[in-house]
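Heads up, the thing below is written out as structure tokens.
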Amino acid sequence: MLTQIISAGFGGQGVLLLGQLIAYAGLKEGYDVSWLPSYGPEMRGGTANCSVVVSDEEVGSPVVTQADIVVVMNRPSFEKYEKNVAKGGKLFVNSSLIDLKSTRDDIEVYYVPVNKLADDLGNGRVANMVMLGAVLEKTHVVSPVTAIDCLRASFGERKANLIPINERALEAGAEAVR
Amino acid sequence: MAKKLMKGSEAIGEAAIQAGCRFFFGYPITPQNEIPEYMSRRLPQEGGVFLQAESEVAAINMVYGAGGSGARVMTSSSSPGISLKQEGISYIACAEIPCLICNMMRVGPGLGGIQPAQGDYFQATKGGGHGDYHLVVLAPSTVQEAANMVMEGFDIADTYRIPVMLLGDGMIGQIMEPVEFADYKKRELPPKTWAATGWDDKTRERAVINSLYIEPEQMKVVSERLLKRYALIKERETQVELYNTEDADYIIAAYGTTARIAKSAINKARQMGIKVGLIRPKTVWPFPDEAFSKAADTAKAFITIEMSTGQMVEDVRLAVNGKKPVEFFGTLGGFVPSTEDILEQIIKLKEAHE
């Protein structure tokens with residue numbers, strides 16, 4: 001099993017965390033993983049992105065160009081990374097902010113209004129978790145239960161009160177693509 | 001201890017602390033700032049000293065001083081900052097002071113950019129500063145290996161009284177991967193009788209830390225001692241990884257980040273029936289000549305892949321010594337080659353040398 005993922009959006013949309021949670025959960029489920037962020041001036045106001053690899057063998061290239069899963073949270077990311085979805089791969093589009101449709105017919109595309117769904121839950125900041133819910137529902141790269149476990153470990157007791165809203169966000173994302 | 005997901009820079013810092021490093025002197029520069037950041041938090045917890053110097057020049061001379069008193073000490077920087085440290089590194093090499101210098105390379109020349117590159121290979125392996133000297137240069141390709149090499153690097157430095165460089169790049173610093181800190185088993189190390197630790201009781205010879213030898217006879221003695229030591233290091237400390245080389249018709253030479261991407265490309269090429277393997281120098285100085293000269297007896301052709309205009313390729317050509325063609329592919333500007341880029345090169349190499 002080798003799953004290569006790109007997660008991209010504006011800085012602040014939680015695209016790096018989305019990728020990290022997949023990496024943490026992958027490690028917890030016994031896979032080798034890598035998480036490689038973009039860094040540099042493009043993080044200020046432009047797009048932020050990360051490459052994640054989850055593999056049952058040692059990860060070779062952590063740089064992803066032919067991705068099985070691409071998440072785009074804003075329009076510049078859609079324009080930049082639509083071509084990086086490998087044939088037969090899956091593209092997850094934040095349709096709250098992106099009004100474009102993919103013209104590719106060799107991939108599966110899911111349009112998820114993650115900002116709207118997060119607002120409906122009462123917390124716009126969980127939009128990335130809504131997206132993660134959709135990704136996990138359609139790809140099973142890791143289990144949502146493991147992802148929440150990892151989030152709980154990272155939050156610690158101080159932020160444990162935020163776990164339920166994140167669980168609901170994952171579920172809302174999964175529901176949207178069922 | 002369980003595996004943890006850690007950034008390369010943080011793993012380097014933690015490995016240094018676990019290996020007993022208690023002194024860090026540095027000056028910030030992207031893309032390695034997470035190393036000093038980590039050390040500034042952790043070293044005070046361990047009773048150590050973190051000091052942000054006023055410049056790279058000051059930082060390397062603090063390393064010189066701390067190392068001269070026998071302390072385990074390190075600094076880290078990235079390419080332009082490492083250039084500034086070169087005078088101090090040359091002094092440290094001449095004064096035979098152990099220390100660890102971490103260079104997380106970024107693209108150059110000049111201030112260049114902040115993206116990963118491998119353009120400091122010449123500087124790291126051929127001297128860098130003035131005069132006749134070498135550093136031991138360790139080139140990790142994963143976060144785990146970076147952590148292991150930091151620990152081993154301090155021991156190598158102490159064993160041979162030599163500055164050791166960890167030569168990574170921006171990607172190794174920024175990437176998060178699983179890492180496990182095995183219990184650090186220190187080598188048996190000679191006592192640091194040479195260290196300047198005070199001379200109050202006058203029961204021993206005075207320890208003098210110095211890199212100035214005005215008398216040619218004295219300078220010659222030092223240079224001959226270094227030369228002998230370098231030969232010993234070459235014999236004992238050369239490290240190389242061979243990946244799928246046994247039956248390989250084609251050999252990729254690559255180190256660090258580039259090498260791990262080459263592995264992915266090799267796996268794909270093997271599925272296509274191309275017999276290709278990788279020779280990955282883990283020490284780029286001393287360079288693993290023998291692995292290349294041996295492979296040159298059976299392989300048809302070599303290609304060196306670097307994030308540079310072609311530096312290590314010169315050492316590969318020296319080692320292959322004309323027995324087989326050695327080609328080169330480099331990515332520039334701070335771009336990291338993709339698996340597909342390298343696969344394309346493998347196919348080209350095969351077509352040219354069938």
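Just remember, in the structure tokens the first chain shown is A, the second B, etc., residues are 1-based per chain, and ligands are 1-based in the order shown.
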
**OP:** Determine, counting only C-alpha atoms, which protein, DNA and RNA residues have an atom within 6 Å of an atom of Ser34 of chain A; residues of the same chain fewer than 4 positions away are not included. Present the result as a PyMOL selection string.
**Re:** (chain A and resi 52-53) or (chain B and resi 176-177)

Deliver the residues from the most recent selection as a file, using C-alpha atoms, as a tab-separated table (two decimals), in the first residue's frame.
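Output saved as again_39.tsv:
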```tsv
chain	number	residue	atom	x	y	z
A	52	VAL	CA	2.00	13.25	2.79
A	53	VAL	CA	3.03	9.68	2.04
B	176	MET	CA	8.33	15.13	9.54
B	177	GLU	CA	8.98	11.41	9.78
```

Gly124 of chain A environment, 9 Å, only C-alpha atoms, sequence neighbours closer than 6 positions dropped, as an mmCIF file with N, CA and C atoms, in the first residue's frame:
```
data_model
loop_
_atom_site.group_PDB
_atom_site.id
_atom_site.type_symbol
_atom_site.label_atom_id
_atom_site.label_comp_id
_atom_site.auth_asym_id
_atom_site.auth_seq_id
_atom_site.Cartn_x
_atom_site.Cartn_y
_atom_site.Cartn_z
ATOM 1 N N VAL A 114 -17.139 22.785 2.403
ATOM 2 C CA VAL A 114 -16.668 22.557 3.777
ATOM 3 C C VAL A 114 -16.836 23.783 4.676
ATOM 4 N N ASN A 115 -16.708 24.990 4.112
ATOM 5 C CA ASN A 115 -16.898 26.170 4.969
ATOM 6 C C ASN A 115 -18.350 26.275 5.426
ATOM 7 N N LYS A 116 -19.261 26.004 4.484
ATOM 8 C CA LYS A 116 -20.682 26.061 4.837
ATOM 9 C C LYS A 116 -21.007 24.995 5.892
ATOM 10 N N LEU A 117 -20.515 23.785 5.668
ATOM 11 C CA LEU A 117 -20.812 22.696 6.615
ATOM 12 C C LEU A 117 -20.231 23.004 7.992
ATOM 13 N N ALA A 118 -19.029 23.614 8.014
ATOM 14 C CA ALA A 118 -18.413 23.967 9.297
ATOM 15 C C ALA A 118 -19.222 25.063 9.980
#
```

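Here atom CA of Lys268 of chain B and atom CA of Val59 of chain A stand 13.5 Å from one another.
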
**OP:** Determine, counting only C-alpha atoms, which protein, DNA and RNA residues have an atom within 10 Å of an atom of segment 10-19 of chain B; residues of the same chain fewer than 2 positions away are not included. Present the result as number ranges by chain.
**Re:** B: 4-8, 21-24, 32-40, 42-43, 46, 48, 72-74, 76, 100, 102, 143-155, 166, 172-174, 176-186

Per residue of chain A within 6 Å of chain B, record the nearest atom pair and its distance in Å to one decimal, counting only C-alpha atoms, with rows in chain order and ascending residue number, as JSON lines.
```
{"residue": "A:Ser34", "atom": "CA", "partner": "B:Glu177", "partner_atom": "CA", "distance": 4.8}
{"residue": "A:Trp35", "atom": "CA", "partner": "B:Met176", "partner_atom": "CA", "distance": 5.0}
{"residue": "A:Leu36", "atom": "CA", "partner": "B:Ile175", "partner_atom": "CA", "distance": 4.5}
{"residue": "A:Gly60", "atom": "CA", "partner": "B:Arg260", "partner_atom": "CA", "distance": 4.9}
{"residue": "A:Ser61", "atom": "CA", "partner": "B:Ile261", "partner_atom": "CA", "distance": 4.1}
```

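Across the model, the gap from atom CA of Met131 of chain A to atom CA of Ser143 of chain A is 14.2 Å.
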
Please give the complete set of residues from segment 74-162 of chain A that DSSP, run on the backbone, assigns to alpha helix (DSSP H), formatted as an mmCIF file with N, CA and C atoms, in the first residue's frame.
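What landed in out-v2.cif:
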```cif
data_model
loop_
_atom_site.group_PDB
_atom_site.id
_atom_site.type_symbol
_atom_site.label_atom_id
_atom_site.label_comp_id
_atom_site.auth_asym_id
_atom_site.auth_seq_id
_atom_site.Cartn_x
_atom_site.Cartn_y
_atom_site.Cartn_z
ATOM 1 N N ARG A 75 -9.070 28.443 -4.586
ATOM 2 C CA ARG A 75 -9.007 28.412 -6.044
ATOM 3 C C ARG A 75 -7.581 28.323 -6.608
ATOM 4 N N PRO A 76 -6.612 29.104 -6.070
ATOM 5 C CA PRO A 76 -5.250 28.971 -6.595
ATOM 6 C C PRO A 76 -4.722 27.530 -6.475
ATOM 7 N N SER A 77 -5.097 26.855 -5.403
ATOM 8 C CA SER A 77 -4.633 25.469 -5.224
ATOM 9 C C SER A 77 -5.291 24.547 -6.241
ATOM 10 N N PHE A 78 -6.577 24.810 -6.515
ATOM 11 C CA PHE A 78 -7.267 24.019 -7.538
ATOM 12 C C PHE A 78 -6.526 24.146 -8.862
ATOM 13 N N GLU A 79 -6.223 25.403 -9.217
ATOM 14 C CA GLU A 79 -5.575 25.647 -10.510
ATOM 15 C C GLU A 79 -4.179 25.029 -10.568
ATOM 16 N N LYS A 80 -3.499 25.011 -9.415
ATOM 17 C CA LYS A 80 -2.123 24.513 -9.398
ATOM 18 C C LYS A 80 -2.064 22.979 -9.336
ATOM 19 N N TYR A 81 -2.951 22.361 -8.580
ATOM 20 C CA TYR A 81 -2.761 20.936 -8.266
ATOM 21 C C TYR A 81 -3.731 19.973 -8.944
ATOM 22 N N VAL A 114 -17.139 22.785 2.403
ATOM 23 C CA VAL A 114 -16.668 22.557 3.777
ATOM 24 C C VAL A 114 -16.836 23.783 4.676
ATOM 25 N N ASN A 115 -16.708 24.990 4.112
ATOM 26 C CA ASN A 115 -16.898 26.170 4.969
ATOM 27 C C ASN A 115 -18.350 26.275 5.426
ATOM 28 N N LYS A 116 -19.261 26.004 4.484
ATOM 29 C CA LYS A 116 -20.682 26.061 4.837
ATOM 30 C C LYS A 116 -21.007 24.995 5.892
ATOM 31 N N LEU A 117 -20.515 23.785 5.668
ATOM 32 C CA LEU A 117 -20.812 22.696 6.615
ATOM 33 C C LEU A 117 -20.231 23.004 7.992
ATOM 34 N N ALA A 118 -19.029 23.614 8.014
ATOM 35 C CA ALA A 118 -18.413 23.967 9.297
ATOM 36 C C ALA A 118 -19.222 25.063 9.980
ATOM 37 N N ASP A 119 -19.665 26.059 9.188
ATOM 38 C CA ASP A 119 -20.497 27.130 9.769
ATOM 39 C C ASP A 119 -21.794 26.548 10.334
ATOM 40 N N ASP A 120 -22.390 25.604 9.598
ATOM 41 C CA ASP A 120 -23.620 24.957 10.080
ATOM 42 C C ASP A 120 -23.404 24.289 11.436
ATOM 43 N N LEU A 121 -22.162 23.786 11.631
ATOM 44 C CA LEU A 121 -21.851 23.139 12.922
ATOM 45 C C LEU A 121 -21.576 24.181 14.007
ATOM 46 N N ALA A 127 -13.434 23.646 9.233
ATOM 47 C CA ALA A 127 -13.632 23.329 7.806
ATOM 48 C C ALA A 127 -12.636 22.273 7.330
ATOM 49 N N ASN A 128 -11.391 22.359 7.817
ATOM 50 C CA ASN A 128 -10.402 21.358 7.388
ATOM 51 C C ASN A 128 -10.783 19.962 7.880
ATOM 52 N N MET A 129 -11.402 19.900 9.061
ATOM 53 C CA MET A 129 -11.801 18.582 9.589
ATOM 54 C C MET A 129 -12.991 18.021 8.806
ATOM 55 N N VAL A 130 -13.866 18.918 8.345
ATOM 56 C CA VAL A 130 -14.954 18.472 7.472
ATOM 57 C C VAL A 130 -14.349 17.833 6.221
ATOM 58 N N MET A 131 -13.354 18.517 5.666
ATOM 59 C CA MET A 131 -12.700 17.990 4.468
ATOM 60 C C MET A 131 -12.022 16.656 4.755
ATOM 61 N N LEU A 132 -11.359 16.581 5.908
ATOM 62 C CA LEU A 132 -10.691 15.319 6.256
ATOM 63 C C LEU A 132 -11.725 14.186 6.352
ATOM 64 N N GLY A 133 -12.892 14.499 6.902
ATOM 65 C CA GLY A 133 -13.960 13.492 7.004
ATOM 66 C C GLY A 133 -14.338 12.956 5.632
ATOM 67 N N ALA A 134 -14.457 13.868 4.672
ATOM 68 C CA ALA A 134 -14.806 13.451 3.308
ATOM 69 C C ALA A 134 -13.703 12.578 2.717
ATOM 70 N N VAL A 135 -12.455 13.002 2.924
ATOM 71 C CA VAL A 135 -11.311 12.249 2.378
ATOM 72 C C VAL A 135 -11.273 10.830 2.954
ATOM 73 N N LEU A 136 -11.429 10.733 4.276
ATOM 74 C CA LEU A 136 -11.320 9.414 4.909
ATOM 75 C C LEU A 136 -12.481 8.516 4.493
ATOM 76 N N GLU A 137 -13.665 9.109 4.314
ATOM 77 C CA GLU A 137 -14.836 8.324 3.904
ATOM 78 C C GLU A 137 -14.612 7.688 2.532
ATOM 79 N N LYS A 138 -13.983 8.441 1.639
ATOM 80 C CA LYS A 138 -13.847 7.960 0.249
ATOM 81 C C LYS A 138 -12.555 7.195 -0.004
ATOM 82 N N THR A 139 -11.580 7.316 0.872
ATOM 83 C CA THR A 139 -10.279 6.701 0.571
ATOM 84 C C THR A 139 -9.844 5.659 1.607
ATOM 85 N N PRO A 144 -11.015 7.235 10.714
ATOM 86 C CA PRO A 144 -11.348 8.481 11.421
ATOM 87 C C PRO A 144 -11.177 8.356 12.935
ATOM 88 N N VAL A 145 -11.364 7.143 13.434
ATOM 89 C CA VAL A 145 -11.194 6.938 14.888
ATOM 90 C C VAL A 145 -9.737 7.202 15.276
ATOM 91 N N THR A 146 -8.815 6.684 14.472
ATOM 92 C CA THR A 146 -7.389 6.921 14.756
ATOM 93 C C THR A 146 -7.070 8.407 14.634
ATOM 94 N N ALA A 147 -7.650 9.052 13.625
ATOM 95 C CA ALA A 147 -7.380 10.483 13.441
ATOM 96 C C ALA A 147 -7.820 11.273 14.672
ATOM 97 N N ILE A 148 -8.998 10.939 15.196
ATOM 98 C CA ILE A 148 -9.481 11.638 16.394
ATOM 99 C C ILE A 148 -8.582 11.324 17.601
ATOM 100 N N ASP A 149 -8.137 10.079 17.699
ATOM 101 C CA ASP A 149 -7.219 9.717 18.793
ATOM 102 C C ASP A 149 -5.968 10.595 18.748
ATOM 103 N N CYS A 150 -5.456 10.780 17.538
ATOM 104 C CA CYS A 150 -4.234 11.578 17.384
ATOM 105 C C CYS A 150 -4.507 13.042 17.730
ATOM 106 N N LEU A 151 -5.665 13.522 17.330
ATOM 107 C CA LEU A 151 -6.029 14.907 17.644
ATOM 108 C C LEU A 151 -6.161 15.081 19.159
ATOM 109 N N ARG A 152 -6.738 14.072 19.800
ATOM 110 C CA ARG A 152 -6.921 14.134 21.257
ATOM 111 C C ARG A 152 -5.555 14.205 21.931
ATOM 112 N N ALA A 153 -4.628 13.376 21.455
ATOM 113 C CA ALA A 153 -3.284 13.362 22.043
ATOM 114 C C ALA A 153 -2.603 14.718 21.842
ATOM 115 N N SER A 154 -2.825 15.311 20.676
ATOM 116 C CA SER A 154 -2.164 16.580 20.406
ATOM 117 C C SER A 154 -2.811 17.731 21.163
ATOM 118 N N PHE A 155 -4.131 17.676 21.344
ATOM 119 C CA PHE A 155 -4.852 18.724 22.084
ATOM 120 C C PHE A 155 -4.513 18.708 23.579
#
```

Original post:
What is the atom CA of Gly129 of chain B to atom CA of Tyr27 of chain B distance in Å?
Top reply: 19.0 Å

**OP:** Tell me which protein, DNA and RNA residues are within 9 Å of Gly14 of chain A, counting only C-alpha atoms, leaving out same-chain ones fewer than 2 positions away, and put them as number ranges by chain.
**Re:** A: 9-12, 16-19, 125-129
